[in-house]
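Novice: As input, take my_file.cif (mmCIF, C-alpha atoms):
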data_query
loop_
_atom_site.label_atom_id
_atom_site.label_comp_id
_atom_site.auth_asym_id
_atom_site.auth_seq_id
_atom_site.Cartn_x
_atom_site.Cartn_y
_atom_site.Cartn_z
CA MET I 18 -17.84 15.34 32.04
CA SER I 19 -20.35 13.72 29.70
CA ASP I 20 -21.33 10.07 29.42
CA GLU I 21 -19.24 9.93 26.25
CA ALA I 22 -16.16 11.26 28.05
CA TYR I 23 -16.40 8.70 30.84
CA MET I 24 -17.00 5.92 28.30
CA ALA I 25 -13.94 7.04 26.36
CA ARG I 26 -12.00 6.69 29.59
CA ALA I 27 -13.39 3.19 30.06
CA LEU I 28 -12.36 2.32 26.49
CA ARG I 29 -8.78 3.40 27.17
CA LEU I 30 -8.74 1.14 30.21
CA ALA I 31 -10.21 -1.77 28.24
CA ALA I 32 -7.45 -1.52 25.65
CA LEU I 33 -4.86 -2.23 28.36
CA GLY I 34 -6.01 -5.86 28.22
CA ARG I 35 -5.15 -6.19 24.53
CA GLY I 36 -3.43 -9.48 23.82
CA TRP I 37 -4.13 -10.94 27.26
CA THR I 38 -7.88 -11.50 27.48
CA ASN I 39 -8.44 -13.76 24.44
CA PRO I 40 -10.88 -15.36 23.90
CA ASN I 41 -12.67 -13.09 26.36
CA PRO I 42 -13.42 -9.48 25.38
CA MET I 43 -11.49 -6.41 26.46
CA VAL I 44 -13.64 -4.47 28.93
CA GLY I 45 -13.11 -1.31 30.97
CA ALA I 46 -15.16 0.16 33.80
CA VAL I 47 -15.26 3.55 35.54
CA ILE I 48 -17.24 4.31 38.71
CA VAL I 49 -18.36 7.94 39.07
CA SER I 50 -20.13 9.85 41.81
CA GLY I 51 -21.28 13.28 40.68
CA THR I 52 -18.23 14.53 38.77
CA HIS I 53 -15.71 12.55 40.81
CA VAL I 54 -14.15 9.33 39.54
CA LEU I 55 -14.16 6.94 42.49
CA ALA I 56 -12.45 3.94 40.91
CA GLU I 57 -11.52 2.30 37.64
CA GLY I 58 -10.90 -1.23 36.48
CA TYR I 59 -10.43 -3.44 33.46
CA HIS I 60 -10.21 -7.09 32.51
CA HIS I 61 -6.48 -7.70 32.85
CA ARG I 62 -6.23 -11.19 31.38
CA TYR I 63 -8.24 -14.32 30.69
CA GLY I 64 -9.47 -15.84 33.96
CA ASP I 65 -8.92 -12.69 36.05
CA LEU I 66 -11.61 -10.44 37.53
CA HIS I 67 -13.94 -8.83 35.02
CA ALA I 68 -13.72 -5.07 34.66
CA GLU I 69 -16.75 -4.35 36.85
CA ARG I 70 -15.46 -6.43 39.76
CA ASP I 71 -11.96 -5.04 39.28
CA ALA I 72 -13.29 -1.47 39.59
CA LEU I 73 -15.37 -2.38 42.66
CA LYS I 74 -12.34 -4.06 44.25
CA ASN I 75 -10.27 -0.93 43.65
CA ALA I 76 -12.96 1.23 45.25
CA MET I 77 -13.09 -1.07 48.27
CA ARG I 78 -9.30 -1.00 48.54
CA LYS I 79 -9.48 2.79 48.83
CA GLY I 80 -12.27 2.55 51.39
CA LEU I 81 -14.79 4.28 49.14
CA ASP I 82 -18.56 3.77 49.28
CA VAL I 83 -19.97 3.38 45.76
CA CYS I 84 -23.61 3.22 46.83
CA GLY I 85 -25.59 5.59 44.59
CA ALA I 86 -22.76 5.90 42.05
CA THR I 87 -22.81 5.42 38.27
CA MET I 88 -20.76 2.74 36.56
CA TYR I 89 -19.59 3.13 32.96
CA VAL I 90 -18.73 -0.16 31.30
CA THR I 91 -17.79 -0.82 27.68
CA LEU I 92 -19.68 -4.13 27.41
CA GLU I 93 -22.92 -5.37 28.91
CA PRO I 94 -22.20 -6.93 32.33
CA CYS I 95 -22.29 -10.72 32.40
CA CYS I 96 -25.05 -12.52 34.28
CA HIS I 97 -23.76 -16.11 34.26
CA PHE I 98 -21.12 -18.15 36.03
CA GLY I 99 -17.95 -18.79 34.06
CA ARG I 100 -14.41 -18.43 35.35
CA GLN I 101 -15.82 -15.50 37.32
CA PRO I 102 -19.24 -15.06 39.00
CA PRO I 103 -21.87 -12.76 37.45
CA CYS I 104 -20.94 -9.08 37.39
CA THR I 105 -24.61 -8.14 37.62
CA ASP I 106 -24.68 -9.58 41.16
CA ALA I 107 -21.66 -7.50 42.20
CA ILE I 108 -23.15 -4.30 40.76
CA ILE I 109 -26.47 -4.82 42.54
CA GLU I 110 -24.83 -5.73 45.85
CA ALA I 111 -22.59 -2.64 45.69
CA GLY I 112 -25.58 -0.31 45.45
CA ILE I 113 -24.73 1.15 42.03
CA THR I 114 -27.85 3.05 40.89
CA ARG I 115 -27.00 3.74 37.24
CA VAL I 116 -25.07 1.71 34.67
CA VAL I 117 -24.01 3.19 31.33
CA ILE I 118 -23.16 0.51 28.74
CA GLY I 119 -21.18 0.90 25.54
CA SER I 120 -22.32 -2.18 23.63
CA SER I 121 -24.49 -5.20 24.31
CA ASP I 122 -22.90 -8.64 24.63
CA PRO I 123 -23.76 -11.04 21.75
CA ASN I 124 -22.85 -14.05 23.90
CA PRO I 125 -26.10 -16.08 24.09
CA LYS I 126 -25.46 -16.50 27.82
CA VAL I 127 -25.80 -12.71 28.19
CA ALA I 128 -27.40 -11.06 25.10
CA GLY I 129 -29.57 -8.50 26.90
CA GLN I 130 -30.16 -10.63 29.97
CA GLY I 131 -27.57 -8.70 31.97
CA ILE I 132 -29.31 -5.44 31.16
CA GLY I 133 -32.67 -6.98 32.07
CA ILE I 134 -31.42 -8.17 35.47
CA LEU I 135 -30.05 -4.73 36.30
CA ARG I 136 -33.32 -3.02 35.38
CA GLU I 137 -35.35 -5.54 37.36
CA ALA I 138 -33.20 -4.61 40.36
CA GLY I 139 -34.22 -0.95 39.91
CA ILE I 140 -30.97 0.21 38.36
CA GLU I 141 -31.17 2.81 35.61
CA VAL I 142 -29.45 1.51 32.47
CA SER I 143 -28.33 3.64 29.51
CA GLU I 144 -27.18 1.79 26.40
CA GLY I 145 -25.21 2.48 23.23
CA VAL I 146 -22.78 5.15 24.43
CA LEU I 147 -19.84 5.10 21.96
CA ALA I 148 -21.23 1.78 20.77
CA ASP I 149 -19.30 1.76 17.47
CA LYS I 150 -15.97 2.20 19.24
CA CYS I 151 -16.83 -0.40 21.86
CA LEU I 152 -17.79 -2.91 19.18
CA ALA I 153 -14.67 -2.16 17.10
CA LEU I 154 -12.45 -2.79 20.11
CA ASN I 155 -13.79 -6.33 20.40
CA GLU I 156 -14.26 -7.31 16.76
CA ALA I 157 -12.32 -10.55 17.31
CA PHE I 158 -14.50 -11.52 20.28
CA LEU I 159 -17.66 -10.64 18.36
CA THR I 160 -16.65 -12.81 15.39
CA TYR I 161 -15.62 -15.68 17.63
CA ILE I 162 -18.72 -15.66 19.83
CA GLN I 163 -21.08 -15.38 16.84
CA THR I 164 -19.42 -17.86 14.46
CA GLY I 165 -17.26 -20.10 16.65
CA ARG I 166 -14.21 -19.34 14.52
CA PRO I 167 -11.44 -16.72 14.72
CA LEU I 168 -11.43 -13.32 13.07
CA VAL I 169 -8.99 -13.84 10.17
CA THR I 170 -6.78 -10.97 8.99
CA MET I 171 -4.59 -11.30 5.91
CA LYS I 172 -1.53 -9.09 6.38
CA TYR I 173 1.31 -8.26 4.01
CA ALA I 174 3.85 -5.54 3.25
CA MET I 175 4.48 -4.41 -0.32
CA THR I 176 6.08 -1.67 -2.36
CA ILE I 177 4.09 1.01 -4.10
CA ASP I 178 4.36 -1.06 -7.30
CA GLY I 179 2.82 -4.08 -5.57
CA LYS I 180 5.85 -6.28 -4.86
CA ILE I 181 6.47 -8.27 -1.68
CA ALA I 182 10.05 -9.12 -2.69
CA CYS I 183 12.67 -8.25 -5.27
CA VAL I 184 13.12 -10.52 -8.27
CA THR I 185 15.88 -12.26 -6.26
CA GLY I 186 13.40 -13.06 -3.48
CA GLU I 187 15.03 -10.60 -1.08
CA SER I 188 12.41 -8.80 1.01
CA ARG I 189 14.13 -7.31 4.07
CA TRP I 190 13.11 -4.68 4.67
CA ILE I 191 10.21 -3.36 2.63
CA THR I 192 8.71 -1.12 5.30
CA GLY I 193 10.32 1.09 7.92
CA GLU I 194 10.84 0.53 11.61
CA GLY I 195 7.53 2.12 12.63
CA ALA I 196 5.46 -0.18 10.43
CA ARG I 197 7.43 -3.21 11.58
CA ARG I 198 6.77 -2.29 15.20
CA HIS I 199 3.08 -1.95 14.40
CA VAL I 200 3.13 -5.51 13.00
CA HIS I 201 4.57 -6.80 16.27
CA GLU I 202 1.87 -4.94 18.21
CA GLN I 203 -0.73 -6.66 16.02
CA ARG I 204 0.92 -10.02 16.74
CA HIS I 205 0.73 -9.28 20.46
CA ALA I 206 -3.00 -8.64 20.14
CA ALA I 207 -3.76 -11.77 18.08
CA ALA I 208 -4.36 -15.25 19.43
CA ALA I 209 -2.62 -16.95 16.49
CA ILE I 210 -0.44 -16.28 13.46
CA MET I 211 -0.15 -18.48 10.37
CA VAL I 212 2.29 -18.98 7.51
CA GLY I 213 2.70 -21.63 4.87
CA VAL I 214 5.51 -24.17 4.91
CA GLY I 215 7.12 -22.35 1.96
CA THR I 216 7.64 -19.27 4.14
CA VAL I 217 9.15 -21.42 6.88
CA ILE I 218 11.58 -23.04 4.43
CA THR I 219 12.52 -19.77 2.70
CA ASP I 220 12.56 -17.25 5.56
CA ASN I 221 12.81 -19.38 8.73
CA PRO I 222 10.75 -16.82 10.70
CA GLN I 223 10.27 -16.70 14.47
CA LEU I 224 6.68 -15.37 14.28
CA THR I 225 6.89 -13.86 17.75
CA SER I 226 5.87 -10.49 19.16
CA ARG I 227 9.16 -8.75 19.66
CA ILE I 228 7.96 -5.88 21.83
CA GLU I 229 8.79 -5.48 25.50
CA GLY I 230 6.29 -7.36 27.61
CA GLY I 231 4.53 -8.66 24.51
CA ASN I 232 2.49 -11.84 24.29
CA ASP I 233 3.43 -14.33 21.58
CA PRO I 234 0.57 -15.72 19.47
CA VAL I 235 0.17 -19.43 18.82
CA ARG I 236 2.12 -20.15 15.63
CA ILE I 237 0.38 -22.09 12.89
CA VAL I 238 2.26 -23.69 9.99
CA CYS I 239 0.07 -24.76 7.09
CA ASP I 240 2.03 -27.79 5.83
CA THR I 241 0.09 -30.24 3.66
CA HIS I 242 2.82 -32.87 3.32
CA LEU I 243 4.72 -32.19 6.58
CA ARG I 244 7.82 -30.70 5.00
CA THR I 245 8.68 -28.32 7.86
CA PRO I 246 12.41 -28.67 8.65
CA LEU I 247 13.04 -30.00 12.15
CA ASP I 248 15.67 -27.30 12.64
CA ALA I 249 13.27 -24.49 11.74
CA ARG I 250 13.00 -21.86 14.46
CA VAL I 251 9.27 -22.44 14.91
CA VAL I 252 10.09 -26.07 15.75
CA THR I 253 13.16 -25.61 17.93
CA SER I 254 11.36 -22.99 20.06
CA ALA I 255 8.02 -24.85 20.25
CA ARG I 256 8.37 -25.61 23.96
CA ARG I 257 8.57 -21.88 24.64
CA VAL I 258 6.06 -20.59 22.09
CA PRO I 259 3.12 -22.88 21.17
CA THR I 260 3.38 -24.16 17.59
CA LEU I 261 0.68 -26.03 15.69
CA ILE I 262 1.40 -27.74 12.38
CA ALA I 263 -1.70 -28.19 10.24
CA THR I 264 -1.19 -31.08 7.83
CA CYS I 265 -2.90 -33.74 5.76
CA GLU I 266 -0.19 -36.24 6.69
CA SER I 267 -1.75 -38.80 9.01
CA ASP I 268 1.23 -41.12 9.63
CA PRO I 269 1.97 -40.95 13.39
CA ASP I 270 5.60 -41.95 12.77
CA LYS I 271 6.07 -38.77 10.74
CA HIS I 272 4.39 -36.75 13.47
CA ARG I 273 6.63 -38.09 16.23
CA PRO I 274 9.77 -35.95 15.66
CA PHE I 275 7.63 -32.80 15.74
CA THR I 276 5.65 -33.72 18.84
CA ALA I 277 8.93 -34.71 20.52
CA ALA I 278 10.14 -31.16 19.85
CA GLY I 279 7.01 -29.73 21.49
CA CYS I 280 4.87 -29.04 18.41
CA GLN I 281 1.21 -29.92 18.20
CA ILE I 282 -0.16 -31.60 15.09
CA ALA I 283 -3.63 -31.07 13.61
CA THR I 284 -4.45 -33.63 10.92
CA LEU I 285 -7.03 -32.10 8.60
CA PRO I 286 -8.86 -33.02 5.39
CA ASN I 287 -7.23 -32.53 2.02
CA ARG I 288 -9.03 -30.14 -0.30
CA ASN I 289 -7.76 -29.72 -3.85
CA GLY I 290 -4.35 -31.00 -2.84
CA HIS I 291 -3.93 -28.75 0.19
CA VAL I 292 -5.00 -28.46 3.82
CA ASP I 293 -8.69 -27.57 3.96
CA LEU I 294 -8.50 -24.04 5.36
CA VAL I 295 -12.18 -23.97 6.31
CA SER I 296 -11.61 -27.03 8.51
CA LEU I 297 -8.49 -25.37 9.87
CA VAL I 298 -10.23 -22.21 11.09
CA ASP I 299 -12.96 -24.38 12.62
CA GLU I 300 -10.22 -26.29 14.45
CA LEU I 301 -8.68 -23.05 15.69
CA GLY I 302 -12.07 -21.94 16.99
CA ASN I 303 -12.40 -25.25 18.83
CA ARG I 304 -9.05 -24.47 20.44
CA ASN I 305 -10.43 -21.13 21.74
CA LEU I 306 -8.31 -19.05 19.38
CA ASP I 307 -10.41 -15.98 18.57
CA SER I 308 -8.13 -14.19 16.09
CA LEU I 309 -5.69 -15.23 13.38
CA ILE I 310 -3.22 -13.21 11.34
CA ILE I 311 -2.11 -14.75 8.05
CA GLU I 312 1.44 -13.63 7.27
CA GLY I 313 2.05 -16.08 4.47
CA GLY I 314 3.21 -15.66 0.93
CA ALA I 315 1.28 -15.23 -2.28
CA THR I 316 0.19 -18.88 -2.49
CA LEU I 317 -1.33 -19.06 0.99
CA ASN I 318 -2.95 -15.64 0.58
CA TRP I 319 -4.74 -16.73 -2.59
CA SER I 320 -5.81 -20.03 -1.01
CA ALA I 321 -7.20 -18.22 2.03
CA LEU I 322 -9.15 -15.76 -0.11
CA GLN I 323 -10.48 -18.53 -2.33
CA ALA I 324 -11.53 -20.55 0.72
CA GLY I 325 -13.49 -17.54 1.96
CA ILE I 326 -11.90 -17.51 5.40
CA VAL I 327 -10.48 -13.96 5.30
CA ASP I 328 -12.41 -11.25 7.16
CA LYS I 329 -9.93 -8.36 6.97
CA VAL I 330 -6.95 -7.25 4.92
CA GLN I 331 -4.03 -5.17 6.20
CA ALA I 332 -1.63 -3.94 3.51
CA TYR I 333 1.46 -2.00 4.58
CA ILE I 334 2.65 0.02 1.60
CA ALA I 335 6.18 1.41 1.38
CA PRO I 336 7.18 4.31 -0.89
CA LYS I 337 9.56 2.09 -2.85
CA ILE I 338 9.59 0.56 -6.32
CA PHE I 339 11.16 -2.88 -6.85
CA GLY I 340 10.06 -3.47 -10.44
CA GLY I 341 10.62 -6.76 -12.22
CA MET I 342 8.08 -8.76 -14.22
CA LEU I 343 8.94 -11.85 -12.17
CA ALA I 344 9.04 -10.14 -8.78
CA GLN I 345 6.22 -11.54 -6.65
CA GLY I 346 3.06 -9.72 -5.62
CA PRO I 347 1.13 -10.38 -2.41
CA VAL I 348 -1.56 -12.64 -3.89
CA GLY I 349 -0.78 -15.50 -6.26
CA GLY I 350 -2.95 -18.22 -7.75
CA PRO I 351 -4.70 -18.03 -11.11
CA GLY I 352 -6.45 -14.79 -10.16
CA PHE I 353 -9.82 -13.58 -11.36
CA THR I 354 -10.63 -13.28 -15.04
CA THR I 355 -12.58 -10.01 -14.92
CA PRO I 356 -12.60 -6.91 -12.66
CA ALA I 357 -16.22 -7.68 -11.83
CA ASP I 358 -15.09 -10.86 -10.07
CA ALA I 359 -12.60 -9.07 -7.82
CA ILE I 360 -12.78 -9.29 -4.05
CA GLU I 361 -13.88 -5.92 -2.68
CA LEU I 362 -13.19 -4.24 0.65
CA THR I 363 -15.41 -2.00 2.73
CA ASP I 364 -14.83 0.17 5.82
CA VAL I 365 -11.43 1.03 4.35
CA ARG I 366 -9.04 3.08 6.49
CA LEU I 367 -5.72 4.69 5.63
CA THR I 368 -3.15 5.27 8.38
CA ARG I 369 0.28 6.80 7.95
CA ILE I 370 3.07 5.09 9.91
CA GLY I 371 6.33 6.92 9.39
CA ASP I 372 6.99 7.00 5.64
CA ASP I 373 4.72 4.00 5.08
CA HIS I 374 0.95 3.70 4.85
CA LEU I 375 -1.39 1.03 6.18
CA ILE I 376 -4.54 0.34 4.19
CA GLU I 377 -7.01 -1.92 5.96
CA GLY I 378 -10.57 -2.94 5.33
CA ARG I 379 -13.10 -5.72 5.71
CA ILE I 380 -13.97 -8.07 2.89
CA LEU I 381 -17.50 -7.69 1.62
CA PRO I 382 -19.45 -10.90 2.35
CA CYS I 383 -20.59 -11.09 -1.30
CA SER I 384 -16.94 -10.92 -2.39
CA ARG I 385 -16.10 -13.81 -0.07
CA GLU I 386 -18.82 -15.96 -1.57
CA SER I 387 -17.96 -15.09 -5.18
CA SER I 388 -14.31 -15.97 -4.59
CA LYS I 389 -15.27 -19.59 -3.87
CA ARG I 390 -16.93 -20.08 -7.25
#
Kindly return the structure encoded in the file as structure tokens.
Specialist:
Amino acid sequence: MSDEAYMARALRLAALGRGWTNPNPMVGAVIVSGTHVLAEGYHHRYGDLHAERDALKNAMRKGLDVCGATMYVTLEPCCHFGRQPPCTDAIIEAGITRVVIGSSDPNPKVAGQGIGILREAGIEVSEGVLADKCLALNEAFLTYIQTGRPLVTMKYAMTIDGKIACVTGESRWITGEGARRHVHEQRHAAAAIMVGVGTVITDNPQLTSRIEGGNDPVRIVCDTHLRTPLDARVVTSARRVPTLIATCESDPDKHRPFTAAGCQIATLPNRNGHVDLVSLVDELGNRNLDSLIIEGGATLNWSALQAGIVDKVQAYIAPKIFGGMLAQGPVGGPGFTTPADAIELTDVRLTRIGDDHLIEGRILPCSRESSKR
């Protein structure tokens, strides 16, 4: 097998940690001697063994000697003490003679230093094998470690004529079962999910990951004037699933019923009559939340785009037509006055899910800046 084939195997292992390692990266490791795979490992969840040490532990458990073997790892091994000791030390002590790395680690505590330590110890290091795929796997970690804020994805489902609800407001269900399951898988992978208070009042959503063994994201309610009903499901279940209400209301007496129910309150600045979303994503980064899905309505979507906090867009499109001049589209607000002002996407991908299609792409940085003007 080639280096690429073993790295692809390590990537599949890394993905098993999806939804559990945040804000750490997903990492997989494979130890090979000749053409024989001796052991494998991955980072199972935040605080557990890193992939390299997990693979070495599995080799030891089987009584295998890895001295002289090659290790394939999707991310540069760490060289600092955190919740776990440096992986570079374990690799050197085990007698690994070659390390093949998918992508370098942008964490300033690593950033090439891990590679340098391995080479100084006489270990052959090959870099950049399936680098694009390794980087894509950890786009949330990369954004978080480089900016200190979460990767923000704006997600919505709409009909082929651009409606997120009928003229009556009815919206269940726009997409099919496959697309809806995909949404819950995305929720499992994300650290947090956010809606506006209008969505809470209208739809009373749970905002959980309803897949077997899934991990529920932290739920964020953007609620300027603290209008969230105390009997809303996000409030009544707050002791089971963490819920944060972001508000401009600073009166502790008004906070008390929510905190008594188990909610957390983040009091943030008011910007143009609403919660300052830039301050909010900074706050989420401070809380070690590396990824956020916005599942709000048209008002919150426009505000998020205008604030320049959105990194990615995911649009699930169903082969249905709702029609109606007054039926709502996915993005509200005043809109842009000319096509030249529009927000543009790049790296666009189209995926078919059952009868529906998912279009996703990243917002061009210049589009983000122009949207603020």
Novice: Name the residues captured by the PyMOL selection byres ((chain I and resi 55-59) around 9) when it is applied to the shown file; answer as an MDAnalysis selection string.
Specialist: chainID I and resid 27 30:34 43:50 53:54 60:61 66:77 79 81:83 86
Novice: Can I get the selection written as an mmCIF file, in the frame of the given file, with C-alpha atoms?
Specialist:
data_model
loop_
_atom_site.group_PDB
_atom_site.id
_atom_site.type_symbol
_atom_site.label_atom_id
_atom_site.label_comp_id
_atom_site.auth_asym_id
_atom_site.auth_seq_id
_atom_site.Cartn_x
_atom_site.Cartn_y
_atom_site.Cartn_z
ATOM 1 C CA ALA I 27 -13.390 3.190 30.060
ATOM 2 C CA LEU I 30 -8.740 1.140 30.210
ATOM 3 C CA ALA I 31 -10.210 -1.770 28.240
ATOM 4 C CA ALA I 32 -7.450 -1.520 25.650
ATOM 5 C CA LEU I 33 -4.860 -2.230 28.360
ATOM 6 C CA GLY I 34 -6.010 -5.860 28.220
ATOM 7 C CA MET I 43 -11.490 -6.410 26.460
ATOM 8 C CA VAL I 44 -13.640 -4.470 28.930
ATOM 9 C CA GLY I 45 -13.110 -1.310 30.970
ATOM 10 C CA ALA I 46 -15.160 0.160 33.800
ATOM 11 C CA VAL I 47 -15.260 3.550 35.540
ATOM 12 C CA ILE I 48 -17.240 4.310 38.710
ATOM 13 C CA VAL I 49 -18.360 7.940 39.070
ATOM 14 C CA SER I 50 -20.130 9.850 41.810
ATOM 15 C CA HIS I 53 -15.710 12.550 40.810
ATOM 16 C CA VAL I 54 -14.150 9.330 39.540
ATOM 17 C CA HIS I 60 -10.210 -7.090 32.510
ATOM 18 C CA HIS I 61 -6.480 -7.700 32.850
ATOM 19 C CA LEU I 66 -11.610 -10.440 37.530
ATOM 20 C CA HIS I 67 -13.940 -8.830 35.020
ATOM 21 C CA ALA I 68 -13.720 -5.070 34.660
ATOM 22 C CA GLU I 69 -16.750 -4.350 36.850
ATOM 23 C CA ARG I 70 -15.460 -6.430 39.760
ATOM 24 C CA ASP I 71 -11.960 -5.040 39.280
ATOM 25 C CA ALA I 72 -13.290 -1.470 39.590
ATOM 26 C CA LEU I 73 -15.370 -2.380 42.660
ATOM 27 C CA LYS I 74 -12.340 -4.060 44.250
ATOM 28 C CA ASN I 75 -10.270 -0.930 43.650
ATOM 29 C CA ALA I 76 -12.960 1.230 45.250
ATOM 30 C CA MET I 77 -13.090 -1.070 48.270
ATOM 31 C CA LYS I 79 -9.480 2.790 48.830
ATOM 32 C CA LEU I 81 -14.790 4.280 49.140
ATOM 33 C CA ASP I 82 -18.560 3.770 49.280
ATOM 34 C CA VAL I 83 -19.970 3.380 45.760
ATOM 35 C CA ALA I 86 -22.760 5.900 42.050
#
Novice: I need the residue set behind the PyMOL selection byres ((chain I and resi 371) around 12) for this file; please write it as an MDAnalysis selection string.
Specialist: chainID I and resid 192:199 333:336 368:370 372:375
Novice: Show which residues sit within 7 Å of range 88-103 of chain I, as a count of residues only. Count all atoms listed in the file, and ignore same-chain residues fewer than 2 positions away.
Specialist: 30
Novice: Smallest atom-to-atom distance to Lys172 in chain I: which of I:Val212, I:Leu243, I:Val252, I:Val217, using only C-alpha atoms?
Specialist: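 For Lys172 in chain I, the nearest of the candidates is I:Val212.
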Novice: Any chance you could tabulate, as JSON lines, the residues of range 292-356 of chain I at most 12 Å from range 159-167 of chain I with each one's nearest atom pair and distance in Å to one decimal, using only C-alpha atoms, in chain and rising number order?
Specialist:
{"residue": "I:Leu294", "atom": "CA", "partner": "I:Arg166", "partner_atom": "CA", "distance": 11.8}
{"residue": "I:Val295", "atom": "CA", "partner": "I:Arg166", "partner_atom": "CA", "distance": 9.6}
{"residue": "I:Ser296", "atom": "CA", "partner": "I:Arg166", "partner_atom": "CA", "distance": 10.1}
{"residue": "I:Leu297", "atom": "CA", "partner": "I:Arg166", "partner_atom": "CA", "distance": 9.5}
{"residue": "I:Val298", "atom": "CA", "partner": "I:Arg166", "partner_atom": "CA", "distance": 6.0}
{"residue": "I:Asp299", "atom": "CA", "partner": "I:Arg166", "partner_atom": "CA", "distance": 5.5}
{"residue": "I:Glu300", "atom": "CA", "partner": "I:Arg166", "partner_atom": "CA", "distance": 8.0}
{"residue": "I:Leu301", "atom": "CA", "partner": "I:Arg166", "partner_atom": "CA", "distance": 6.8}
{"residue": "I:Gly302", "atom": "CA", "partner": "I:Arg166", "partner_atom": "CA", "distance": 4.2}
{"residue": "I:Asn303", "atom": "CA", "partner": "I:Gly165", "partner_atom": "CA", "distance": 7.4}
{"residue": "I:Arg304", "atom": "CA", "partner": "I:Arg166", "partner_atom": "CA", "distance": 9.4}
{"residue": "I:Asn305", "atom": "CA", "partner": "I:Arg166", "partner_atom": "CA", "distance": 8.3}
{"residue": "I:Leu306", "atom": "CA", "partner": "I:Pro167", "partner_atom": "CA", "distance": 6.1}
{"residue": "I:Asp307", "atom": "CA", "partner": "I:Pro167", "partner_atom": "CA", "distance": 4.1}
{"residue": "I:Ser308", "atom": "CA", "partner": "I:Pro167", "partner_atom": "CA", "distance": 4.4}
{"residue": "I:Leu309", "atom": "CA", "partner": "I:Pro167", "partner_atom": "CA", "distance": 6.1}
{"residue": "I:Ile310", "atom": "CA", "partner": "I:Pro167", "partner_atom": "CA", "distance": 9.6}
{"residue": "I:Ile311", "atom": "CA", "partner": "I:Pro167", "partner_atom": "CA", "distance": 11.6}
{"residue": "I:Ile326", "atom": "CA", "partner": "I:Pro167", "partner_atom": "CA", "distance": 9.4}
{"residue": "I:Val327", "atom": "CA", "partner": "I:Pro167", "partner_atom": "CA", "distance": 9.9}
{"residue": "I:Asp328", "atom": "CA", "partner": "I:Pro167", "partner_atom": "CA", "distance": 9.4}
{"residue": "I:Lys329", "atom": "CA", "partner": "I:Pro167", "partner_atom": "CA", "distance": 11.5}
Novice: Please provide the set of residues having any atom within 12 Å of Cys265 in chain I, restricted to all atoms listed in the file, with same-chain residues fewer than 2 positions apart removed, written as a VMD selection string.
Specialist: chain I and resid 239 to 244 262 to 263 267 to 269 271 to 272 282 to 294 296 to 297
Novice: For the residues selected in the previous step, produce a file with C-alpha atoms as a PDB file, in the frame of the given file.
Specialist:
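Saved result, again12.pdb, follows:
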ATOM      1  CA  CYS I 239       0.070 -24.760   7.090  1.00  0.00           C
ATOM      2  CA  ASP I 240       2.030 -27.790   5.830  1.00  0.00           C
ATOM      3  CA  THR I 241       0.090 -30.240   3.660  1.00  0.00           C
ATOM      4  CA  HIS I 242       2.820 -32.870   3.320  1.00  0.00           C
ATOM      5  CA  LEU I 243       4.720 -32.190   6.580  1.00  0.00           C
ATOM      6  CA  ARG I 244       7.820 -30.700   5.000  1.00  0.00           C
ATOM      7  CA  ILE I 262       1.400 -27.740  12.380  1.00  0.00           C
ATOM      8  CA  ALA I 263      -1.700 -28.190  10.240  1.00  0.00           C
ATOM      9  CA  SER I 267      -1.750 -38.800   9.010  1.00  0.00           C
ATOM     10  CA  ASP I 268       1.230 -41.120   9.630  1.00  0.00           C
ATOM     11  CA  PRO I 269       1.970 -40.950  13.390  1.00  0.00           C
ATOM     12  CA  LYS I 271       6.070 -38.770  10.740  1.00  0.00           C
ATOM     13  CA  HIS I 272       4.390 -36.750  13.470  1.00  0.00           C
ATOM     14  CA  ILE I 282      -0.160 -31.600  15.090  1.00  0.00           C
ATOM     15  CA  ALA I 283      -3.630 -31.070  13.610  1.00  0.00           C
ATOM     16  CA  THR I 284      -4.450 -33.630  10.920  1.00  0.00           C
ATOM     17  CA  LEU I 285      -7.030 -32.100   8.600  1.00  0.00           C
ATOM     18  CA  PRO I 286      -8.860 -33.020   5.390  1.00  0.00           C
ATOM     19  CA  ASN I 287      -7.230 -32.530   2.020  1.00  0.00           C
ATOM     20  CA  ARG I 288      -9.030 -30.140  -0.300  1.00  0.00           C
ATOM     21  CA  ASN I 289      -7.760 -29.720  -3.850  1.00  0.00           C
ATOM     22  CA  GLY I 290      -4.350 -31.000  -2.840  1.00  0.00           C
ATOM     23  CA  HIS I 291      -3.930 -28.750   0.190  1.00  0.00           C
ATOM     24  CA  VAL I 292      -5.000 -28.460   3.820  1.00  0.00           C
ATOM     25  CA  ASP I 293      -8.690 -27.570   3.960  1.00  0.00           C
ATOM     26  CA  LEU I 294      -8.500 -24.040   5.360  1.00  0.00           C
ATOM     27  CA  SER I 296     -11.610 -27.030   8.510  1.00  0.00           C
ATOM     28  CA  LEU I 297      -8.490 -25.370   9.870  1.00  0.00           C
TER      29      LEU I 297
END
Novice: Could you list the residues chosen by the PyMOL selection byres ((chain I and resi 186) around 12) in this structure as a short mmCIF file (atom, residue, chain, number, x, y, z; two decimals) with C-alpha atoms, in the frame of the given file?
Specialist:
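Produced file part09.cif, reproduced below:
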data_model
loop_
_atom_site.label_atom_id
_atom_site.label_comp_id
_atom_site.auth_asym_id
_atom_site.auth_seq_id
_atom_site.Cartn_x
_atom_site.Cartn_y
_atom_site.Cartn_z
CA LYS I 180 5.85 -6.28 -4.86
CA ILE I 181 6.47 -8.27 -1.68
CA ALA I 182 10.05 -9.12 -2.69
CA CYS I 183 12.67 -8.25 -5.27
CA VAL I 184 13.12 -10.52 -8.27
CA THR I 185 15.88 -12.26 -6.26
CA GLU I 187 15.03 -10.60 -1.08
CA SER I 188 12.41 -8.80 1.01
CA ARG I 189 14.13 -7.31 4.07
CA TRP I 190 13.11 -4.68 4.67
CA ILE I 191 10.21 -3.36 2.63
CA THR I 216 7.64 -19.27 4.14
CA THR I 219 12.52 -19.77 2.70
CA ASP I 220 12.56 -17.25 5.56
CA GLY I 314 3.21 -15.66 0.93
CA PHE I 339 11.16 -2.88 -6.85
CA GLY I 341 10.62 -6.76 -12.22
CA LEU I 343 8.94 -11.85 -12.17
CA ALA I 344 9.04 -10.14 -8.78
CA GLN I 345 6.22 -11.54 -6.65
CA GLY I 346 3.06 -9.72 -5.62
#
